[in-house]
$ cat upload.cif   # mmCIF, C-alpha atoms
data_protein
loop_
_atom_site.label_atom_id
_atom_site.label_comp_id
_atom_site.auth_asym_id
_atom_site.auth_seq_id
_atom_site.Cartn_x
_atom_site.Cartn_y
_atom_site.Cartn_z
CA MET A 1 19.46 -105.29 105.73
CA ARG A 2 23.09 -104.79 106.68
CA ARG A 3 23.25 -102.98 110.00
CA ARG A 4 26.46 -104.29 111.52
CA GLN A 5 28.12 -100.88 111.35
CA LEU A 6 25.01 -99.13 112.61
CA LEU A 7 24.33 -101.19 115.68
CA GLY A 8 27.30 -99.75 117.51
CA GLY A 9 25.66 -96.34 117.54
CA LEU A 10 22.41 -97.18 119.27
CA GLY A 11 23.29 -95.50 122.55
CA MET A 12 22.01 -92.07 123.53
CA ALA A 13 24.02 -89.06 122.42
CA SER A 14 24.68 -88.06 126.03
CA ALA A 15 23.77 -89.13 129.53
CA GLY A 16 21.86 -85.90 129.92
CA MET A 17 19.33 -86.69 127.21
CA ALA A 18 16.01 -87.13 128.96
CA LEU A 19 13.46 -89.04 126.92
CA ARG A 20 10.22 -89.85 128.68
CA GLN A 21 9.25 -93.41 127.83
CA ARG A 22 5.54 -93.79 127.19
CA SER A 23 3.72 -96.45 129.13
CA VAL A 24 3.54 -99.73 127.26
CA GLN A 25 0.01 -100.87 126.54
CA ALA A 26 -1.00 -104.50 126.48
CA GLN A 27 -1.51 -106.17 123.13
CA GLY A 28 -4.83 -107.58 122.03
CA GLN A 29 -6.30 -104.26 120.91
CA ALA A 30 -9.41 -104.30 118.75
CA THR A 31 -8.62 -103.67 115.09
CA LEU A 32 -8.80 -99.97 114.28
CA LEU A 33 -9.23 -98.72 110.71
CA PRO A 34 -8.08 -95.25 109.64
CA PRO A 35 -10.43 -92.92 107.76
CA ARG A 36 -10.07 -93.11 103.98
CA LEU A 37 -8.14 -90.38 102.24
CA ARG A 38 -9.77 -87.77 100.03
CA GLU A 39 -8.34 -85.45 97.43
CA GLY A 40 -7.05 -82.32 99.12
CA ASP A 41 -6.28 -84.05 102.43
CA VAL A 42 -3.13 -82.99 104.25
CA VAL A 43 -0.37 -85.61 104.31
CA GLY A 44 2.38 -85.27 106.89
CA ILE A 45 5.90 -85.93 105.62
CA VAL A 46 8.03 -87.38 108.41
CA SER A 47 11.49 -88.89 108.86
CA PRO A 48 11.22 -91.51 111.63
CA ALA A 49 14.36 -93.35 110.58
CA GLY A 50 17.35 -92.46 108.40
CA ALA A 51 18.52 -88.96 107.57
CA THR A 52 17.83 -87.27 104.26
CA PHE A 53 21.08 -85.64 103.22
CA GLU A 54 19.95 -83.61 100.22
CA ARG A 55 17.12 -81.07 100.20
CA ASP A 56 16.12 -82.10 96.68
CA ARG A 57 15.22 -85.58 97.98
CA LEU A 58 12.64 -83.99 100.26
CA ASP A 59 11.45 -81.83 97.37
CA LEU A 60 10.82 -85.01 95.38
CA VAL A 61 8.56 -86.31 98.14
CA ILE A 62 6.70 -83.00 98.30
CA ASP A 63 6.16 -83.14 94.53
CA ALA A 64 4.88 -86.72 94.77
CA VAL A 65 2.35 -85.83 97.47
CA LYS A 66 1.06 -82.93 95.39
CA ALA A 67 0.84 -85.10 92.28
CA LEU A 68 -1.24 -87.61 94.25
CA GLY A 69 -3.76 -84.84 94.91
CA PHE A 70 -2.84 -84.17 98.53
CA VAL A 71 -1.41 -81.20 100.41
CA PRO A 72 2.06 -81.83 101.90
CA ARG A 73 2.94 -80.78 105.44
CA VAL A 74 6.63 -81.27 106.27
CA ALA A 75 7.49 -82.20 109.85
CA PRO A 76 9.86 -79.81 111.67
CA HIS A 77 12.69 -82.35 111.85
CA ALA A 78 12.30 -83.94 108.42
CA LEU A 79 15.77 -82.70 107.43
CA ALA A 80 17.36 -82.93 110.88
CA ARG A 81 20.61 -84.84 111.31
CA TYR A 82 21.98 -86.90 114.16
CA GLY A 83 24.63 -88.99 112.46
CA TYR A 84 22.82 -91.38 110.14
CA LEU A 85 19.48 -90.66 111.84
CA ALA A 86 16.99 -87.92 110.97
CA GLY A 87 17.47 -86.15 114.28
CA THR A 88 17.49 -87.49 117.81
CA ASP A 89 15.02 -90.09 119.00
CA ALA A 90 13.17 -87.33 120.85
CA GLU A 91 12.89 -85.18 117.72
CA ARG A 92 11.74 -87.99 115.45
CA ALA A 93 9.18 -89.26 117.97
CA ALA A 94 7.93 -85.72 118.57
CA ASP A 95 7.24 -85.29 114.85
CA VAL A 96 5.20 -88.50 114.68
CA ASN A 97 3.29 -87.62 117.85
CA ALA A 98 2.54 -84.11 116.58
CA MET A 99 1.22 -85.43 113.28
CA PHE A 100 -1.19 -87.76 115.05
CA ALA A 101 -2.31 -85.01 117.44
CA ASP A 102 -3.04 -82.55 114.61
CA PRO A 103 -6.62 -83.09 113.32
CA ALA A 104 -5.71 -81.51 109.98
CA ILE A 105 -3.25 -84.30 109.16
CA LYS A 106 -4.89 -87.35 107.58
CA ALA A 107 -1.87 -89.53 106.74
CA LEU A 108 1.82 -89.95 107.55
CA LEU A 109 4.29 -90.62 104.74
CA PRO A 110 7.93 -91.28 105.71
CA VAL A 111 10.59 -89.87 103.43
CA ARG A 112 12.70 -93.03 103.57
CA GLY A 113 13.64 -96.06 105.63
CA ASP A 114 17.29 -97.02 106.32
CA TRP A 115 17.41 -97.48 110.13
CA GLY A 116 15.96 -95.89 113.25
CA SER A 117 12.20 -96.47 113.46
CA ALA A 118 12.51 -99.01 116.27
CA ARG A 119 14.37 -96.50 118.42
CA ILE A 120 11.36 -94.18 118.69
CA LEU A 121 8.75 -96.83 119.55
CA PRO A 122 9.01 -96.39 123.36
CA TYR A 123 8.43 -92.64 123.01
CA LEU A 124 5.27 -92.55 120.93
CA ASP A 125 2.00 -91.39 122.48
CA TYR A 126 -0.12 -94.46 121.80
CA ALA A 127 -3.19 -93.09 123.59
CA THR A 128 -3.25 -90.09 121.23
CA ILE A 129 -2.56 -92.33 118.24
CA ARG A 130 -5.41 -94.65 119.20
CA ALA A 131 -7.77 -91.69 119.55
CA ASN A 132 -6.74 -90.25 116.16
CA PRO A 133 -6.29 -93.13 113.70
CA LYS A 134 -4.60 -92.13 110.45
CA VAL A 135 -3.09 -93.78 107.40
CA VAL A 136 0.58 -94.67 107.90
CA ILE A 137 2.47 -96.22 105.01
CA GLY A 138 6.02 -97.34 104.27
CA PHE A 139 8.30 -100.35 104.06
CA SER A 140 11.81 -101.60 104.88
CA ASP A 141 12.86 -100.04 108.22
CA ILE A 142 9.42 -98.42 108.49
CA SER A 143 8.16 -101.97 109.20
CA ALA A 144 9.09 -101.36 112.84
CA LEU A 145 6.81 -98.31 113.03
CA LEU A 146 3.95 -100.09 111.24
CA LEU A 147 4.16 -103.14 113.49
CA GLY A 148 4.62 -101.11 116.65
CA LEU A 149 1.54 -99.01 115.94
CA TYR A 150 -0.53 -102.11 115.20
CA ALA A 151 0.71 -103.98 118.27
CA GLN A 152 0.09 -101.05 120.61
CA THR A 153 -3.15 -99.63 119.22
CA GLY A 154 -4.70 -102.12 116.80
CA LEU A 155 -4.37 -99.54 114.00
CA VAL A 156 -4.21 -101.13 110.56
CA THR A 157 -1.14 -99.69 108.83
CA PHE A 158 0.09 -100.10 105.27
CA HIS A 159 3.18 -101.86 103.97
CA GLY A 160 3.73 -99.91 100.78
CA PRO A 161 5.60 -97.01 99.19
CA HIS A 162 7.50 -94.42 101.16
CA GLY A 163 8.20 -90.96 99.86
CA LEU A 164 11.23 -91.74 97.71
CA THR A 165 9.79 -94.66 95.78
CA ALA A 166 9.17 -94.27 92.05
CA TRP A 167 5.40 -93.58 92.18
CA ARG A 168 4.69 -95.09 88.77
CA ALA A 169 1.11 -95.69 87.66
CA ASP A 170 1.13 -99.42 88.47
CA GLN A 171 2.00 -98.51 92.05
CA VAL A 172 -0.15 -95.41 92.44
CA GLU A 173 -3.47 -96.80 91.20
CA PRO A 174 -3.74 -99.71 93.70
CA LEU A 175 -2.75 -97.33 96.49
CA ARG A 176 -5.52 -94.92 95.49
CA GLN A 177 -8.07 -97.71 95.31
CA ILE A 178 -7.21 -99.06 98.76
CA LEU A 179 -6.69 -95.79 100.64
CA MET A 180 -9.27 -93.57 98.91
CA GLU A 181 -11.98 -95.94 97.66
CA GLY A 182 -11.84 -98.68 100.27
CA ALA A 183 -11.30 -101.30 97.57
CA THR A 184 -10.46 -104.92 98.38
CA LEU A 185 -7.80 -105.97 95.90
CA THR A 186 -6.26 -109.27 94.91
CA TYR A 187 -2.50 -109.12 94.39
CA SER A 188 -0.54 -111.38 92.08
CA ASN A 189 2.96 -111.10 90.67
CA PRO A 190 3.21 -108.78 87.65
CA LEU A 191 4.44 -109.89 84.25
CA LEU A 192 7.65 -107.99 83.70
CA GLY A 193 9.76 -107.16 80.67
CA ALA A 194 10.27 -109.97 78.20
CA ASP A 195 7.92 -112.22 80.17
CA GLN A 196 5.01 -110.38 78.57
CA ASP A 197 5.89 -112.02 75.23
CA ARG A 198 6.93 -115.45 76.52
CA LEU A 199 4.99 -118.66 76.85
CA MET A 200 6.48 -119.13 80.32
CA ARG A 201 7.33 -116.83 83.20
CA ASP A 202 10.99 -116.22 84.06
CA GLN A 203 10.79 -113.37 86.58
CA GLY A 204 8.59 -113.36 89.66
CA ARG A 205 7.98 -117.09 89.77
CA ILE A 206 6.08 -118.48 92.77
CA GLN A 207 7.63 -121.38 94.66
CA THR A 208 5.04 -123.37 96.58
CA ILE A 209 6.48 -124.65 99.86
CA THR A 210 3.23 -126.18 101.11
CA ALA A 211 0.10 -126.06 98.95
CA GLY A 212 -3.17 -124.70 100.27
CA ARG A 213 -5.17 -121.59 101.09
CA ALA A 214 -5.37 -119.74 104.38
CA THR A 215 -7.10 -116.67 105.79
CA GLY A 216 -5.96 -114.45 108.64
CA PRO A 217 -4.67 -111.00 109.56
CA LEU A 218 -1.66 -110.02 107.48
CA ILE A 219 1.42 -109.33 109.61
CA GLY A 220 5.01 -108.88 108.52
CA GLY A 221 7.60 -106.73 106.85
CA ASN A 222 11.36 -106.65 106.59
CA LEU A 223 12.94 -109.75 108.16
CA SER A 224 15.98 -107.91 109.54
CA VAL A 225 13.78 -105.30 111.17
CA ILE A 226 11.36 -107.87 112.57
CA SER A 227 14.16 -109.97 114.06
CA GLY A 228 15.23 -106.86 115.96
CA ILE A 229 11.85 -106.20 117.63
CA VAL A 230 10.63 -109.76 118.23
CA GLY A 231 10.04 -110.33 121.92
CA SER A 232 9.26 -106.66 122.55
CA PRO A 233 5.82 -105.15 123.18
CA TYR A 234 6.03 -103.65 119.69
CA PHE A 235 5.68 -106.90 117.77
CA PRO A 236 2.13 -108.26 117.48
CA ASP A 237 0.90 -111.76 118.25
CA THR A 238 1.12 -113.85 115.07
CA THR A 239 -1.22 -116.65 116.15
CA GLY A 240 -3.63 -117.31 113.28
CA ALA A 241 -1.90 -114.74 111.07
CA ILE A 242 -0.54 -114.76 107.54
CA LEU A 243 3.13 -113.85 108.08
CA PHE A 244 4.99 -112.20 105.21
CA LEU A 245 8.70 -111.44 105.11
CA GLU A 246 11.13 -109.77 102.71
CA ASP A 247 14.71 -108.50 102.79
CA VAL A 248 17.57 -107.05 100.80
CA GLY A 249 21.32 -107.59 100.71
CA GLU A 250 21.40 -110.51 103.13
CA PRO A 251 23.41 -113.68 102.39
CA PRO A 252 21.64 -116.98 103.06
CA TYR A 253 23.31 -117.65 106.40
CA ARG A 254 21.87 -114.42 107.80
CA ILE A 255 18.40 -115.27 106.52
CA ASP A 256 18.85 -118.66 108.21
CA ARG A 257 19.94 -117.01 111.45
CA MET A 258 17.02 -114.58 111.50
CA LEU A 259 14.43 -117.25 110.71
CA THR A 260 15.95 -119.34 113.48
CA GLN A 261 15.45 -116.38 115.82
CA LEU A 262 11.78 -116.14 114.81
CA LYS A 263 11.37 -119.88 115.32
CA LEU A 264 12.98 -119.87 118.77
CA ALA A 265 10.89 -116.83 119.77
CA GLY A 266 7.68 -118.68 118.87
CA VAL A 267 6.74 -116.33 116.03
CA LEU A 268 6.28 -119.23 113.60
CA ASP A 269 4.08 -121.20 116.00
CA GLY A 270 0.38 -121.10 115.21
CA LEU A 271 0.62 -119.30 111.88
CA ALA A 272 -2.28 -119.71 109.47
CA GLY A 273 -0.01 -119.20 106.47
CA PHE A 274 3.39 -117.92 105.35
CA VAL A 275 4.50 -115.79 102.40
CA PHE A 276 8.12 -114.98 101.62
CA GLY A 277 8.47 -112.08 99.24
CA GLN A 278 11.57 -110.96 97.39
CA CYS A 279 15.04 -111.17 98.87
CA THR A 280 16.88 -108.75 96.63
CA ALA A 281 20.62 -109.43 96.27
CA CYS A 282 20.49 -112.35 98.69
CA GLY A 283 22.42 -114.91 96.66
CA PRO A 284 24.90 -117.37 98.19
CA GLY A 285 27.92 -115.74 96.53
CA SER A 286 30.99 -117.76 95.59
CA GLY A 287 31.61 -119.43 98.95
CA TYR A 288 31.68 -123.22 99.04
CA GLY A 289 28.79 -125.11 100.58
CA SER A 290 26.22 -122.37 101.09
CA LEU A 291 22.61 -123.30 101.58
CA THR A 292 20.26 -121.68 99.11
CA LEU A 293 17.32 -119.53 100.13
CA GLU A 294 15.10 -122.36 98.93
CA ASP A 295 16.90 -124.79 101.28
CA ILE A 296 16.50 -122.45 104.23
CA LEU A 297 12.80 -121.82 103.67
CA ARG A 298 12.17 -125.53 103.28
CA ASP A 299 14.00 -126.28 106.55
CA HIS A 300 12.17 -123.65 108.59
CA ILE A 301 8.74 -123.36 106.96
CA GLN A 302 7.79 -126.73 105.52
CA PRO A 303 7.61 -128.41 108.97
CA LEU A 304 4.96 -125.88 110.01
CA GLY A 305 2.44 -127.69 107.82
CA VAL A 306 0.61 -124.51 106.83
CA PRO A 307 0.08 -123.06 103.35
CA ALA A 308 3.34 -121.39 102.41
CA CYS A 309 5.02 -119.96 99.33
CA ALA A 310 7.96 -117.82 98.28
CA GLY A 311 8.55 -115.33 95.51
CA ALA A 312 5.61 -112.96 96.07
CA TRP A 313 6.18 -109.45 94.73
CA ILE A 314 6.76 -107.93 98.17
CA GLY A 315 9.95 -106.16 99.16
CA HIS A 316 12.53 -103.83 97.67
CA VAL A 317 10.99 -104.14 94.22
CA GLU A 318 8.71 -102.16 91.96
CA PRO A 319 5.81 -101.89 91.71
CA LEU A 320 5.37 -101.92 95.46
CA TRP A 321 2.13 -103.46 96.65
CA THR A 322 0.11 -101.56 99.25
CA LEU A 323 -0.75 -104.22 101.84
CA PRO A 324 -3.00 -103.72 104.92
CA LEU A 325 -0.89 -104.76 107.89
CA GLY A 326 -3.40 -106.17 110.36
CA GLY A 327 -6.19 -106.51 107.80
CA PRO A 328 -7.63 -109.94 106.92
CA VAL A 329 -6.38 -111.54 103.70
CA THR A 330 -6.63 -114.92 102.00
CA MET A 331 -3.45 -116.39 100.53
CA ASP A 332 -3.10 -119.11 97.92
CA ALA A 333 0.24 -120.88 98.16
CA THR A 334 0.01 -122.29 94.64
CA THR A 335 -0.74 -119.08 92.76
CA GLY A 336 1.01 -116.77 95.24
CA THR A 337 -1.98 -114.45 95.41
CA LEU A 338 -3.08 -112.34 98.37
CA GLN A 339 -6.74 -111.29 98.45
CA MET A 340 -7.97 -108.59 100.81
CA GLN A 341 -11.13 -109.72 102.61
CA THR A 342 -12.41 -106.38 103.88
CA PRO A 343 -11.74 -102.68 103.23
CA ALA A 344 -8.75 -101.35 105.17
CA VAL A 345 -10.21 -97.85 105.64
CA VAL A 346 -13.53 -96.47 106.80
#
$ encode --input "upload.cif" --output "structure tokens"
Amino acid sequence: MRRRQLLGGLGMASAGMALRQRSVQAQGQATLLPPRLREGDVVGIVSPAGATFERDRLDLVIDAVKALGFVPRVAPHALARYGYLAGTDAERAADVNAMFADPAIKALLPVRGDWGSARILPYLDYATIRANPKVVIGFSDISALLLGLYAQTGLVTFHGPHGLTAWRADQVEPLRQILMEGATLTYSNPLLGADQDRLMRDQGRIQTITAGRATGPLIGGNLSVISGIVGSPYFPDTTGAILFLEDVGEPPYRIDRMLTQLKLAGVLDGLAGFVFGQCTACGPGSGYGSLTLEDILRDHIQPLGVPACAGAWIGHVEPLWTLPLGGPVTMDATTGTLQMQTPAVV
């Protein structure tokens, strides 16, 4: 994700802003499953990252929550503005903390991603969150929130739709099965468009980097976001994990740079398996001599010697899979499938 213009604005709005940083808890928490959702449950609509500039965008999210059979509860700062952020760090963190503290709220659904989730991680009340586990779902920049919650509390979160995704049937039904029925699904790339009438698949092809099957907790998200929180207390230990990554709008040299960062930080050491999803609009362009994404993945991932593949239907694509971040899955690097091993809700 392109954030070069955004990174210059990460400072506080003024020296007088007093944000109380929550104490950082050690990692190694026991896995914590949220209660399953039921029709009529209250879903909190929050904006932990980028600002929503038009009221009708929020209305769309409210309509989606109602159509799913839930009751929407909009956070006080959902439409707040602090530049490109949905309010100050204090306001955005306060909304998340309040949603977890309210026993009536059963799930948190972010309006959108963009940028900003990582900024609120030091100010979340992890003791309250641990005592009140709830469904949290989203993708892209929301990866930082999902990973931070899992690292600090052991809460299984969900890499899946946020409020402004399309909510078509092929996205909604798996989400219902996982979050409401406790189903254990197997995900494989969908047949899209003309591929449904072809003898061979053109879109969504799986590239096997290293053949094999592996089982472990599923950890991952947006590569740009992850590269920004690696080395902090808000990124979980990946030893024995299935790591998945995706991105959008990044040329190959940036993917190379970010994977190098993960390698140097030890994130790739001790993985059980690796899945690269979709990198939307990540082509080499017209410049001479660019490595391809395939080259870069081969250079960084093949030497690991673990089952690994690329091309899984994870990322800024539709339908969005709902994946249990922290839940055990089995991957097959030849077929590109991910199979949940246990329910992700109780």
$ residues_around --input "upload.cif" --residues "region 92-102 of chain A" --least-positions-apart "6" --cutoff "12 Å" --atoms "all atoms listed in the file" --output "PyMOL selection string"
chain A and resi 19-22+34+42-51+72-82+85-86+108-110+116-136+145+149
$ resolve_selection --input "upload.cif" --expression "the PyMOL selection byres ((chain A and resi 265) around 12)" --output "list in words"
Ile226, Ser227, Gly228, Ile229, Val230, Gly231, Ser232, Phe235, Asp237, Thr238, Met258, Leu259, Thr260, Gln261, Leu262, Lys263, Leu264, Gly266, Val267, Leu268 and Asp269 of chain A
$ residues_around --input "upload.cif" --residues "Leu320 (chain A)" --least-positions-apart "6" --cutoff "9 Å" --atoms "only C-alpha atoms" --output "list in words"
His159, Gly160, Pro161, Thr165, Trp167, Asp170, Gln171, Trp313 and Ile314 of chain A
$ atom_distance --input "upload.cif" --atom1 "CA of Leu146 (chain A)" --atom2 "CA of Gly113 (chain A)"
11.9 Å
$ closest_residue --input "upload.cif" --among "A:Ala104, A:Leu32, A:Val61, A:Ala67" --to "Ala169 (chain A)" --atoms "all atoms listed in the file"
A:Ala67
$ resolve_selection --input "upload.cif" --expression "the PyMOL selection byres ((chain A and resi 276) around 6)" --output "list in words"
Phe244, Leu245, Val275, Gly277 and Ala310 of chain A
$ atom_distance --input "upload.cif" --atom1 "CA of Gly326 (chain A)" --atom2 "CA of Leu218 (chain A)"
5.1 Å
$ build_atoms --input "upload.cif" --residues "region 91-121 of chain A" --atoms "N, CA and C atoms" --output "PDB file, in the coordinates of the input"
ATOM      1  N   GLU A  91      13.396 -86.009 118.815  1.00  0.00           N
ATOM      2  CA  GLU A  91      12.890 -85.180 117.720  1.00  0.00           C
ATOM      3  C   GLU A  91      12.028 -85.994 116.755  1.00  0.00           C
ATOM      4  N   ARG A  92      12.494 -87.175 116.411  1.00  0.00           N
ATOM      5  CA  ARG A  92      11.740 -87.990 115.450  1.00  0.00           C
ATOM      6  C   ARG A  92      10.413 -88.446 116.044  1.00  0.00           C
ATOM      7  N   ALA A  93      10.428 -88.849 117.316  1.00  0.00           N
ATOM      8  CA  ALA A  93       9.180 -89.260 117.970  1.00  0.00           C
ATOM      9  C   ALA A  93       8.231 -88.075 118.109  1.00  0.00           C
ATOM     10  N   ALA A  94       8.771 -86.906 118.412  1.00  0.00           N
ATOM     11  CA  ALA A  94       7.930 -85.720 118.570  1.00  0.00           C
ATOM     12  C   ALA A  94       7.204 -85.387 117.262  1.00  0.00           C
ATOM     13  N   ASP A  95       7.883 -85.556 116.136  1.00  0.00           N
ATOM     14  CA  ASP A  95       7.240 -85.290 114.850  1.00  0.00           C
ATOM     15  C   ASP A  95       6.075 -86.237 114.599  1.00  0.00           C
ATOM     16  N   VAL A  96       6.274 -87.523 114.879  1.00  0.00           N
ATOM     17  CA  VAL A  96       5.200 -88.500 114.680  1.00  0.00           C
ATOM     18  C   VAL A  96       4.040 -88.192 115.621  1.00  0.00           C
ATOM     19  N   ASN A  97       4.345 -87.927 116.885  1.00  0.00           N
ATOM     20  CA  ASN A  97       3.290 -87.620 117.850  1.00  0.00           C
ATOM     21  C   ASN A  97       2.503 -86.370 117.448  1.00  0.00           C
ATOM     22  N   ALA A  98       3.214 -85.351 116.974  1.00  0.00           N
ATOM     23  CA  ALA A  98       2.540 -84.110 116.580  1.00  0.00           C
ATOM     24  C   ALA A  98       1.632 -84.325 115.380  1.00  0.00           C
ATOM     25  N   MET A  99       2.058 -85.147 114.449  1.00  0.00           N
ATOM     26  CA  MET A  99       1.220 -85.430 113.280  1.00  0.00           C
ATOM     27  C   MET A  99      -0.072 -86.132 113.671  1.00  0.00           C
ATOM     28  N   PHE A 100       0.017 -87.072 114.600  1.00  0.00           N
ATOM     29  CA  PHE A 100      -1.190 -87.760 115.050  1.00  0.00           C
ATOM     30  C   PHE A 100      -2.093 -86.830 115.859  1.00  0.00           C
ATOM     31  N   ALA A 101      -1.515 -85.908 116.597  1.00  0.00           N
ATOM     32  CA  ALA A 101      -2.310 -85.010 117.440  1.00  0.00           C
ATOM     33  C   ALA A 101      -3.000 -83.917 116.627  1.00  0.00           C
ATOM     34  N   ASP A 102      -2.504 -83.627 115.429  1.00  0.00           N
ATOM     35  CA  ASP A 102      -3.040 -82.550 114.610  1.00  0.00           C
ATOM     36  C   ASP A 102      -4.234 -83.072 113.793  1.00  0.00           C
ATOM     37  N   PRO A 103      -5.443 -82.581 114.044  1.00  0.00           N
ATOM     38  CA  PRO A 103      -6.620 -83.090 113.320  1.00  0.00           C
ATOM     39  C   PRO A 103      -6.591 -82.786 111.829  1.00  0.00           C
ATOM     40  N   ALA A 104      -5.773 -81.846 111.401  1.00  0.00           N
ATOM     41  CA  ALA A 104      -5.710 -81.510 109.980  1.00  0.00           C
ATOM     42  C   ALA A 104      -4.941 -82.564 109.176  1.00  0.00           C
ATOM     43  N   ILE A 105      -4.064 -83.293 109.837  1.00  0.00           N
ATOM     44  CA  ILE A 105      -3.250 -84.300 109.160  1.00  0.00           C
ATOM     45  C   ILE A 105      -4.048 -85.583 109.027  1.00  0.00           C
ATOM     46  N   LYS A 106      -4.103 -86.139 107.825  1.00  0.00           N
ATOM     47  CA  LYS A 106      -4.890 -87.350 107.580  1.00  0.00           C
ATOM     48  C   LYS A 106      -4.032 -88.586 107.316  1.00  0.00           C
ATOM     49  N   ALA A 107      -2.750 -88.391 107.011  1.00  0.00           N
ATOM     50  CA  ALA A 107      -1.870 -89.530 106.740  1.00  0.00           C
ATOM     51  C   ALA A 107      -0.434 -89.136 107.037  1.00  0.00           C
ATOM     52  N   LEU A 108       0.395 -90.142 107.324  1.00  0.00           N
ATOM     53  CA  LEU A 108       1.820 -89.950 107.550  1.00  0.00           C
ATOM     54  C   LEU A 108       2.589 -90.720 106.494  1.00  0.00           C
ATOM     55  N   LEU A 109       3.463 -90.014 105.776  1.00  0.00           N
ATOM     56  CA  LEU A 109       4.290 -90.620 104.740  1.00  0.00           C
ATOM     57  C   LEU A 109       5.762 -90.395 105.085  1.00  0.00           C
ATOM     58  N   PRO A 110       6.497 -91.439 105.444  1.00  0.00           N
ATOM     59  CA  PRO A 110       7.930 -91.280 105.710  1.00  0.00           C
ATOM     60  C   PRO A 110       8.697 -90.971 104.427  1.00  0.00           C
ATOM     61  N   VAL A 111       9.735 -90.172 104.569  1.00  0.00           N
ATOM     62  CA  VAL A 111      10.590 -89.870 103.430  1.00  0.00           C
ATOM     63  C   VAL A 111      11.300 -91.124 102.950  1.00  0.00           C
ATOM     64  N   ARG A 112      11.875 -91.877 103.908  1.00  0.00           N
ATOM     65  CA  ARG A 112      12.700 -93.030 103.570  1.00  0.00           C
ATOM     66  C   ARG A 112      12.759 -93.985 104.746  1.00  0.00           C
ATOM     67  N   GLY A 113      13.443 -95.103 104.551  1.00  0.00           N
ATOM     68  CA  GLY A 113      13.640 -96.060 105.630  1.00  0.00           C
ATOM     69  C   GLY A 113      15.039 -95.958 106.193  1.00  0.00           C
ATOM     70  N   ASP A 114      15.916 -96.897 105.837  1.00  0.00           N
ATOM     71  CA  ASP A 114      17.290 -97.020 106.320  1.00  0.00           C
ATOM     72  C   ASP A 114      17.311 -97.684 107.696  1.00  0.00           C
ATOM     73  N   TRP A 115      17.412 -96.919 108.784  1.00  0.00           N
ATOM     74  CA  TRP A 115      17.410 -97.480 110.130  1.00  0.00           C
ATOM     75  C   TRP A 115      16.991 -96.414 111.132  1.00  0.00           C
ATOM     76  N   GLY A 116      16.261 -96.801 112.153  1.00  0.00           N
ATOM     77  CA  GLY A 116      15.960 -95.890 113.250  1.00  0.00           C
ATOM     78  C   GLY A 116      14.546 -95.920 113.760  1.00  0.00           C
ATOM     79  N   SER A 117      13.596 -96.499 113.013  1.00  0.00           N
ATOM     80  CA  SER A 117      12.200 -96.470 113.460  1.00  0.00           C
ATOM     81  C   SER A 117      12.008 -97.157 114.799  1.00  0.00           C
ATOM     82  N   ALA A 118      12.683 -98.268 115.016  1.00  0.00           N
ATOM     83  CA  ALA A 118      12.510 -99.010 116.270  1.00  0.00           C
ATOM     84  C   ALA A 118      12.924 -98.183 117.476  1.00  0.00           C
ATOM     85  N   ARG A 119      13.881 -97.283 117.294  1.00  0.00           N
ATOM     86  CA  ARG A 119      14.370 -96.500 118.420  1.00  0.00           C
ATOM     87  C   ARG A 119      13.324 -95.550 118.993  1.00  0.00           C
ATOM     88  N   ILE A 120      12.337 -95.149 118.191  1.00  0.00           N
ATOM     89  CA  ILE A 120      11.360 -94.180 118.690  1.00  0.00           C
ATOM     90  C   ILE A 120      10.115 -94.848 119.265  1.00  0.00           C
ATOM     91  N   LEU A 121       9.988 -96.162 119.127  1.00  0.00           N
ATOM     92  CA  LEU A 121       8.750 -96.830 119.550  1.00  0.00           C
ATOM     93  C   LEU A 121       8.411 -96.604 121.026  1.00  0.00           C
TER      94      LEU A 121
END
